[in-house]
Amino acid sequence: MSIEKNVLTVKDFFAAMGRDDKQGLLALSAEDIEWIIPGKDWPLAGTHRGHAGLTDFLQKASETVETSTEPSEYVAQGNRVLVVGVAKGKIKATNKPFKDDWIFAITVRNGKVANIREYIDTQALARASEMDASAGTNPSKPIPHETIRKVS
């Protein structure tokens, strides 16, 4: 495939993501797609393989995150397309917003997305995923002396 067709495939893939078109994403993905998301203690982190893995990932994403993804630049060479963009949204469990500047390194094979490796702001996502401290405490304020129990 030509570089232009590979870029078009990737643009179509992002358009399908923006429409939340799961069937469109599957149609644009190779049967053995591999989607790698770095991170730890983040529900979407890990390696998602095949159409079943992609379907599970998309379901988990819809349950976990509200987001809009805005690709701004496509850089291609051969069968590789790098996409630069930003995602904005919130983590549903914490209702905390995030802004994530990212790069996706995508491999296109035979007109299908075969591999995605995300380079994301894992710190921004981890901060938005953190649950607030227990009620009545604020780590930026000292605890009043009278509330501290002495342990003997």
# chains A, B, ... in the order shown; residues from 1 in each chain; ligands from 1
>>> residues_around(residues="segment 51-54 of chain A", least_positions_apart="4", cutoff="8 Å", atoms="only C-alpha atoms", output="PDB file with N, CA and C atoms, in the first residue's frame")
ATOM      1  N   LEU A  26     -13.428  -2.282  14.107  1.00  0.00           N
ATOM      2  CA  LEU A  26     -13.105  -3.685  13.831  1.00  0.00           C
ATOM      3  C   LEU A  26     -12.845  -3.901  12.347  1.00  0.00           C
ATOM      4  N   SER A  29      -9.388  -2.857  11.430  1.00  0.00           N
ATOM      5  CA  SER A  29      -8.327  -3.511  12.197  1.00  0.00           C
ATOM      6  C   SER A  29      -8.020  -4.896  11.658  1.00  0.00           C
ATOM      7  N   ALA A  30      -6.734  -5.228  11.668  1.00  0.00           N
ATOM      8  CA  ALA A  30      -6.325  -6.590  11.313  1.00  0.00           C
ATOM      9  C   ALA A  30      -6.870  -7.555  12.361  1.00  0.00           C
ATOM     10  N   GLU A  31      -7.120  -8.791  11.958  1.00  0.00           N
ATOM     11  CA  GLU A  31      -7.627  -9.807  12.901  1.00  0.00           C
ATOM     12  C   GLU A  31      -6.697  -9.963  14.100  1.00  0.00           C
ATOM     13  N   ASP A  32      -5.391  -9.797  13.870  1.00  0.00           N
ATOM     14  CA  ASP A  32      -4.402  -9.985  14.935  1.00  0.00           C
ATOM     15  C   ASP A  32      -3.870  -8.654  15.464  1.00  0.00           C
ATOM     16  N   ILE A  33      -4.698  -7.620  15.443  1.00  0.00           N
ATOM     17  CA  ILE A  33      -4.271  -6.306  15.932  1.00  0.00           C
ATOM     18  C   ILE A  33      -3.677  -6.426  17.335  1.00  0.00           C
ATOM     19  N   TRP A  35      -2.717  -3.682  20.427  1.00  0.00           N
ATOM     20  CA  TRP A  35      -2.793  -2.294  20.889  1.00  0.00           C
ATOM     21  C   TRP A  35      -2.132  -2.248  22.258  1.00  0.00           C
ATOM     22  N   LEU A  58     -12.430  -1.597  24.099  1.00  0.00           N
ATOM     23  CA  LEU A  58     -13.387  -0.526  23.799  1.00  0.00           C
ATOM     24  C   LEU A  58     -14.511  -0.492  24.826  1.00  0.00           C
TER      25      LEU A  58
END
>>> select_by_dssp(residues="segment 28-148 of chain A", states="alpha helix (DSSP H)", output="PyMOL selection string")
chain A and resi 28+50-64+122-129
>>> write_last_selection(atoms="N, CA and C atoms", output="compact mmCIF listing (two decimals), in the first residue's frame")
# COMPACT_ATOMS: atom_id res chain seq x y z
N LEU A 28 -11.62 -1.83 10.26
CA LEU A 28 -10.34 -1.22 9.89
C LEU A 28 -9.14 -1.88 10.56
N GLY A 50 -5.99 -8.90 19.13
CA GLY A 50 -7.06 -9.47 18.32
C GLY A 50 -8.35 -8.68 18.41
N HIS A 51 -9.32 -9.09 17.60
CA HIS A 51 -10.61 -8.40 17.62
C HIS A 51 -11.30 -8.55 18.97
N ALA A 52 -11.14 -9.72 19.63
CA ALA A 52 -11.76 -9.90 20.95
C ALA A 52 -11.12 -8.95 21.96
N GLY A 53 -9.81 -8.83 21.93
CA GLY A 53 -9.12 -7.90 22.84
C GLY A 53 -9.50 -6.46 22.57
N LEU A 54 -9.64 -6.11 21.28
CA LEU A 54 -10.06 -4.75 20.92
C LEU A 54 -11.47 -4.48 21.41
N THR A 55 -12.36 -5.43 21.24
CA THR A 55 -13.75 -5.27 21.69
C THR A 55 -13.80 -5.09 23.21
N ASP A 56 -13.05 -5.92 23.95
CA ASP A 56 -13.00 -5.80 25.41
C ASP A 56 -12.43 -4.45 25.83
N PHE A 57 -11.36 -4.01 25.15
CA PHE A 57 -10.74 -2.73 25.45
C PHE A 57 -11.72 -1.58 25.22
N LEU A 58 -12.43 -1.60 24.10
CA LEU A 58 -13.39 -0.53 23.80
C LEU A 58 -14.51 -0.49 24.83
N GLN A 59 -14.96 -1.66 25.28
CA GLN A 59 -16.01 -1.73 26.31
C GLN A 59 -15.49 -1.14 27.62
N LYS A 60 -14.28 -1.55 28.01
CA LYS A 60 -13.70 -1.05 29.26
C LYS A 60 -13.48 0.46 29.17
N ALA A 61 -13.04 0.94 28.02
CA ALA A 61 -12.82 2.38 27.84
C ALA A 61 -14.13 3.14 28.00
N SER A 62 -15.21 2.63 27.42
CA SER A 62 -16.49 3.34 27.51
C SER A 62 -17.02 3.35 28.95
N GLU A 63 -16.65 2.34 29.75
CA GLU A 63 -17.08 2.29 31.14
C GLU A 63 -16.21 3.14 32.05
N THR A 64 -14.99 3.44 31.62
CA THR A 64 -13.98 4.06 32.47
C THR A 64 -13.77 5.54 32.21
N THR A 122 1.04 9.29 31.08
CA THR A 122 0.52 8.38 32.10
C THR A 122 0.34 9.08 33.44
N GLN A 123 1.16 10.09 33.72
CA GLN A 123 1.04 10.81 34.99
C GLN A 123 -0.28 11.58 35.06
N ALA A 124 -0.66 12.23 33.96
CA ALA A 124 -1.93 12.97 33.95
C ALA A 124 -3.10 12.01 34.16
N LEU A 125 -3.04 10.86 33.53
CA LEU A 125 -4.12 9.88 33.66
C LEU A 125 -4.14 9.27 35.06
N ALA A 126 -2.96 9.01 35.63
CA ALA A 126 -2.90 8.47 36.99
C ALA A 126 -3.45 9.47 37.99
N ARG A 127 -3.08 10.75 37.83
CA ARG A 127 -3.60 11.79 38.75
C ARG A 127 -5.12 11.86 38.67
N ALA A 128 -5.66 11.80 37.47
CA ALA A 128 -7.12 11.88 37.31
C ALA A 128 -7.80 10.62 37.84
N SER A 129 -7.07 9.52 37.91
CA SER A 129 -7.64 8.25 38.39
C SER A 129 -7.59 8.11 39.91
>>> atom_distance(atom1="atom CA of Arg80 of chain A", atom2="atom CA of Gly24 of chain A")
20.6 Å
>>> atom_distance(atom1="atom CA of Val75 of chain A", atom2="atom CA of Val7 of chain A")
8.2 Å
>>> closest_residue(among="A:Lys88, A:Lys112, A:Lys5, A:Lys40", to="Asp100 of chain A", atoms="only C-alpha atoms")
A:Lys88
